[in-house]
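In what follows, a structure is listed as structure tokens, so that the remarks can point back to it.
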Amino acid sequence: MDKVTQFAGTGMPLRISNVDTDQIIPAVFLKRITKTGFEDGLFANWRQNPDFVLNNPSYQGAEVLIAGSDFGTGSSREHAVWALRDYGFKAVFSSKFADIFLGNSGKQGLIAGVITDADTETLWEHIEANPASKITVDLPSQEIRVDQVLIRFEIDEYTKWRLTEGLDDIGITLQSEAAIAAYEAKRESWKPKTLPAKGV
Amino acid sequence: MTIKPLTLAEKLWRDHLVLKGENGAPDLLYIDLHLIHEVTSPQAFDGLRSAGRDVRRRDLTIATEDHNTPTQDIHLPIVDPTSRAQVQALRDNTAEFDIRIHSLGDKNQGIVHVVGPQLGLTMPGLTVVCGDSHTSTHGAFGALAMGIGTSEVEHVLATQTLPLQSFKTMAINVEGTLRKGVSAKDIILAVISKISTGGGQGYVLEYRGSAIRALSMEGRMTICNMSIEAGARAGIIAPDQITFDYLKDKPHAPQGADWDQALKDWSELTTDQDAVFDAEVFIDADTLDPFITWGTNPGQGVSLMDSIPDPDSFDDPSQKAAAIRALAYMDLKAGTKMKDIAVDTVFLGSCTNARIEDLRAAADIIRGQKMAPGIRMMVVPGSQKVRIQAEEEGLDKVFVDFGADWRFAGCSMCLGMNPDQLAPGERAASTSNRNFEGRQGKGGRTHLVSPMVAAATAIRGTLSAPADLEQ
């Protein structure tokens, strides 16, 4: 995974709360077996409305999404993160994220930072008034800087460390092979195994 | 030294700890059972291949096909080429890595969360994961069961562990006795409405109280299934005699001395007397009505006896905005009585409500009745085994005589990935778990209901409680 530290890009205000992952990418786009090319699925149904924010020319090329609270609820589909990433977003901010979405973001190098409702409103208003302003997202200092606005965001320390170091989770875990093997050696014998198959 | 009293979820966490995380790092937990389906696994297998990694424990892994699969003409190739390719990818991947799979046509095929329990693979004291948010279902057995993303699927395939951040605990206390016509589905819809779709975020919910203890395993699965709709990491119910009786004769249940040891271990899987939850919620089962959603997230629900709330009644501006948006999408007006809403589709199915007891409950209501004109009803068993059992009990005949479609097993109309979908503007009473915009088909409108309410609604054509049939 590439290291993620700091970038600057324009923003997009998504003034909707409770955005579930079925809206971020509808199920029909989940049939693919590749891991890239999901940009056309991003908000596919909402995009058909010409007034939807993704269709606003002022926000084309945005890399920072500012969303309402409870973002990414519902289905565990990591495709939601792939779609945001493939569309060009590098960071999404909200006052509240669903847990699975938050975890998926961290695995794919998408910064998902928590900001207050008041800061969300501040950023919405600022972006709407200044859509061309570049927003600097600084992961090490956990800061969002745009013009005279400075907002701190929350992200858990471990995810921040992994992102800034560009570390691969599986690689980290495999360093604990001895501990995993030791756990397996004392695993209770009543616990189920799928093989040999029974009930077939 | 006194030992700190623990909640059930904390005990399960402790028992699966491979490595305690230090300096803010997550704990590493061992995964006892990994369920796989076709949608969230292909990219995980690709990841393994490109890194030259193998599946660590194929004997703790099992796959089935459910999301893309059609529910009729299953002997024919899947028509949609992308769906067909995704199912084929699962077959190829499980063949390459030598993983057990129950494919379309197999008697053990079905919705992954129905298949695990019916094989007896889901049991108390386990950690269970699957690349599907409704994995919370398996918590009904006293297992710590979590939905995960595709990167985590790859992680579990490669290491049989997951790094996980610790959680908070919430007790959902449901005391009292459910009235006739009220079921587990109504309890969980009421819970989600009470704590909202984000209320469970960061929590494992433990369902407790006399009304929970009185539920069958299938009712408990319905409740735990929808924990994710409250944003929870997992939902859990302490195992008891009902759990043990359910498991006893299942194919993968422990045998002999293992069974005795398992019973001993399982009986310790309760929340300690003095353990403290981070939050508590109370629901009165005695006064609970059938519950139903009016909006586009599962927290937007009311009693079936109520009317659609006025968006102005929400204090939180974002909830008010969400209500306005939902009513526009649903084409409904505040103040409309829920029972005055007419539907054109009734869907009985999904990992929430497609087990044998769900089918029996609906069949008992529609037996000998006539379907309302203009309604289509689709009945989709959760697994092929459920379908076979229902046919042995003659339930299929009850549904077909009533005019319903009797289908093969799969996720079906719960999500728009297979041929079973709502057309734009269609309105469904659905026993599934999500009423999101477009969830059951683009432009479709969903009211989440229990199987009994679904059945009564199919008879009357408007959202109805079973009690309405007696008037």
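How things are named: the first chain in the structure tokens is A, the next is B, and so on; residues count from 1 in each chain; ligands count from 1 in the order shown.
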Checklist entry - Which residues of chain A are close to chain B, meaning at most 8 Å apart when you count only C-alpha atoms, and how do they look as an NGL selection string? => result :A and (16-18 or 20 or 22-23 or 26-28 or 30-35 or 45 or 68-70 or 73-78 or 96 or 98-100 or 103-104 or 107 or 157-158 or 169-170 or 173-174 or 179-180 or 183 or 189-200)
Expected file contents, prior selection, C-alpha atoms, as an mmCIF file, in the first residue's frame:
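New file out.cif:
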data_model
loop_
_atom_site.group_PDB
_atom_site.id
_atom_site.type_symbol
_atom_site.label_atom_id
_atom_site.label_comp_id
_atom_site.auth_asym_id
_atom_site.auth_seq_id
_atom_site.Cartn_x
_atom_site.Cartn_y
_atom_site.Cartn_z
ATOM 1 C CA ILE A 16 -27.005 14.179 3.277
ATOM 2 C CA SER A 17 -26.935 12.119 6.474
ATOM 3 C CA ASN A 18 -27.399 8.346 6.850
ATOM 4 C CA ASP A 20 -25.703 3.813 3.392
ATOM 5 C CA ASP A 22 -26.205 0.759 -1.024
ATOM 6 C CA GLN A 23 -26.327 4.429 -2.073
ATOM 7 C CA PRO A 26 -25.732 -0.038 -5.634
ATOM 8 C CA ALA A 27 -25.617 -3.835 -5.546
ATOM 9 C CA VAL A 28 -25.742 -4.189 -9.307
ATOM 10 C CA LEU A 30 -20.961 -5.588 -7.007
ATOM 11 C CA LYS A 31 -20.918 -8.362 -9.560
ATOM 12 C CA ARG A 32 -17.458 -7.576 -10.831
ATOM 13 C CA ILE A 33 -14.534 -9.687 -9.786
ATOM 14 C CA THR A 34 -11.895 -6.996 -10.245
ATOM 15 C CA LYS A 35 -10.783 -4.500 -7.601
ATOM 16 C CA ASN A 45 -28.655 6.100 -8.655
ATOM 17 C CA GLY A 68 -23.409 14.214 6.736
ATOM 18 C CA SER A 69 -23.440 12.066 9.846
ATOM 19 C CA ASP A 70 -23.721 8.255 9.823
ATOM 20 C CA THR A 73 -23.949 2.396 7.129
ATOM 21 C CA GLY A 74 -25.427 -0.949 6.122
ATOM 22 C CA SER A 75 -23.762 -3.474 3.867
ATOM 23 C CA SER A 76 -20.126 -4.433 4.469
ATOM 24 C CA ARG A 77 -19.273 -3.998 0.774
ATOM 25 C CA GLU A 78 -15.689 -2.749 0.473
ATOM 26 C CA LYS A 96 -19.949 9.624 12.358
ATOM 27 C CA ALA A 98 -20.241 3.041 10.350
ATOM 28 C CA ASP A 99 -17.617 0.704 11.818
ATOM 29 C CA ILE A 100 -17.199 -1.628 8.849
ATOM 30 C CA GLY A 103 -12.279 -0.421 8.744
ATOM 31 C CA ASN A 104 -12.522 -0.879 4.987
ATOM 32 C CA LYS A 107 -7.331 -0.997 4.412
ATOM 33 C CA GLU A 157 -3.686 6.084 16.056
ATOM 34 C CA TYR A 158 -3.112 2.629 14.647
ATOM 35 C CA ASP A 169 -2.017 -5.755 7.513
ATOM 36 C CA ILE A 170 -1.456 -9.339 6.464
ATOM 37 C CA THR A 173 0.024 -10.330 11.223
ATOM 38 C CA LEU A 174 2.227 -12.966 9.645
ATOM 39 C CA ALA A 179 1.546 -16.810 18.514
ATOM 40 C CA ILE A 180 -1.066 -17.989 16.012
ATOM 41 C CA TYR A 183 -3.191 -20.541 19.931
ATOM 42 C CA SER A 189 -11.429 -30.178 20.353
ATOM 43 C CA TRP A 190 -15.212 -29.604 20.399
ATOM 44 C CA LYS A 191 -14.876 -26.634 18.088
ATOM 45 C CA PRO A 192 -16.203 -27.337 14.610
ATOM 46 C CA LYS A 193 -14.296 -28.067 11.442
ATOM 47 C CA THR A 194 -15.855 -27.765 8.026
ATOM 48 C CA LEU A 195 -13.816 -30.758 6.859
ATOM 49 C CA PRO A 196 -14.433 -33.594 6.599
ATOM 50 C CA ALA A 197 -17.838 -32.426 5.433
ATOM 51 C CA LYS A 198 -20.824 -33.763 7.358
ATOM 52 C CA GLY A 199 -24.510 -33.555 6.510
ATOM 53 C CA VAL A 200 -23.883 -33.715 2.766
#
Item to check | Shell around Arg407 in chain B at 9 Å using only C-alpha atoms, local window under 4 positions removed, as a PyMOL selection string | outcome: chain B and resi 71-72+378-381+387
Checklist entry - Using only C-alpha atoms, which residues sit within 12 Å of range 6-13 of chain A once same-chain residues fewer than 6 positions away are excluded, as a PyMOL selection string? => result chain A and resi 52-68+88-94+109-111+120-147+160+163-164
Next on the checklist: For a test of reading the model, state the distance in Å between CA of His37 in chain B and CA of Val114 in chain B, rounded to one decimal.
Outcome noted: 12.5 Å
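Relative to CA of Ala455 in chain B, CA of Pro373 in chain B is found at 14.1 Å.
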Item to check | Test item, alpha helix (DSSP H) assignment across range 214-453 of chain B, answer as a ChimeraX atom specification | outcome: /B:217-225,241-247,256-266,317-330,356-366,384-392,395-402,451-453
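Between Phe347 in chain B and the candidates B:Gln241, B:Thr287, B:Ser412, B:Asn173, the tightest atom-to-atom separation, counting only C-alpha atoms, involves B:Ser412.
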Next on the checklist: Nearest residue to Arg15 in chain A out of A:Tyr87, A:Glu184, A:Asp117, A:Phe29, using only C-alpha atoms?
Outcome noted: A:Asp117
Checklist entry - To one decimal place, how far is CA of Met305 in chain B from CA of Ser136 in chain B in Å? => result 29.3 Å
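Assigned to strand (DSSP E or B) in range 212-244 of chain B, given DSSP computed from backbone atoms, are B:Ala232, B:Ala234, B:Gly235, B:Ile236.
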How would the residues just picked look written out with N, CA and C atoms as a compact mmCIF listing (two decimals), in the first residue's frame?
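Everything below was put into part_36.txt:
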# COMPACT_ATOMS: atom_id res chain seq x y z
N ALA B 232 -24.29 -1.67 15.00
CA ALA B 232 -23.49 -2.39 15.99
C ALA B 232 -22.42 -3.26 15.34
N ALA B 234 -21.65 -6.16 16.56
CA ALA B 234 -22.19 -7.52 16.63
C ALA B 234 -23.38 -7.51 17.58
N GLY B 235 -24.15 -8.58 17.53
CA GLY B 235 -25.23 -8.79 18.48
C GLY B 235 -25.06 -10.17 19.06
N ILE B 236 -25.46 -10.34 20.30
CA ILE B 236 -25.16 -11.62 20.94
C ILE B 236 -26.26 -11.99 21.94
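For the residues B:Arg14, B:Lys370, B:Lys385, B:His75, ranking by smallest atom-to-atom distance to Asp27 in chain B using only C-alpha atoms places B:Arg14 first.
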Item to check | Non-local contacts of Val281 in chain B (12 Å; only C-alpha atoms; under 2 positions in same chain excluded) as a ChimeraX atom specification | outcome: /B:169-175,190-195,199-200,205-209,277-279,283-284
Keeping only C-alpha atoms, write those residues as a tab-separated table (two decimals), in the first residue's frame.
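As a result, again-v2.tsv now contains:
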chain	number	residue	atom	x	y	z
B	169	THR	CA	-20.99	-3.19	25.36
B	170	MET	CA	-24.69	-2.39	25.36
B	171	ALA	CA	-27.40	-4.42	27.08
B	172	ILE	CA	-30.71	-4.56	25.25
B	173	ASN	CA	-33.15	-5.68	27.96
B	174	VAL	CA	-36.43	-7.01	26.62
B	175	GLU	CA	-38.72	-8.03	29.46
B	190	ALA	CA	-38.43	-1.44	17.78
B	191	VAL	CA	-34.86	-1.60	19.13
B	192	ILE	CA	-33.39	-0.03	15.98
B	193	SER	CA	-36.05	2.65	15.95
B	194	LYS	CA	-35.22	3.42	19.56
B	195	ILE	CA	-31.42	3.65	19.27
B	199	GLY	CA	-26.84	4.12	17.96
B	200	GLY	CA	-24.99	0.84	18.15
B	205	LEU	CA	-25.27	-5.53	21.71
B	206	GLU	CA	-26.26	-8.25	24.16
B	207	TYR	CA	-29.97	-9.06	24.00
B	208	ARG	CA	-31.25	-10.11	27.42
B	209	GLY	CA	-34.41	-10.50	29.40
B	277	PHE	CA	-22.44	-2.54	30.38
B	278	ASP	CA	-21.37	0.75	28.82
B	279	ALA	CA	-24.99	1.43	27.90
B	283	ILE	CA	-37.92	-2.54	25.72
B	284	ASP	CA	-41.28	-3.60	27.12
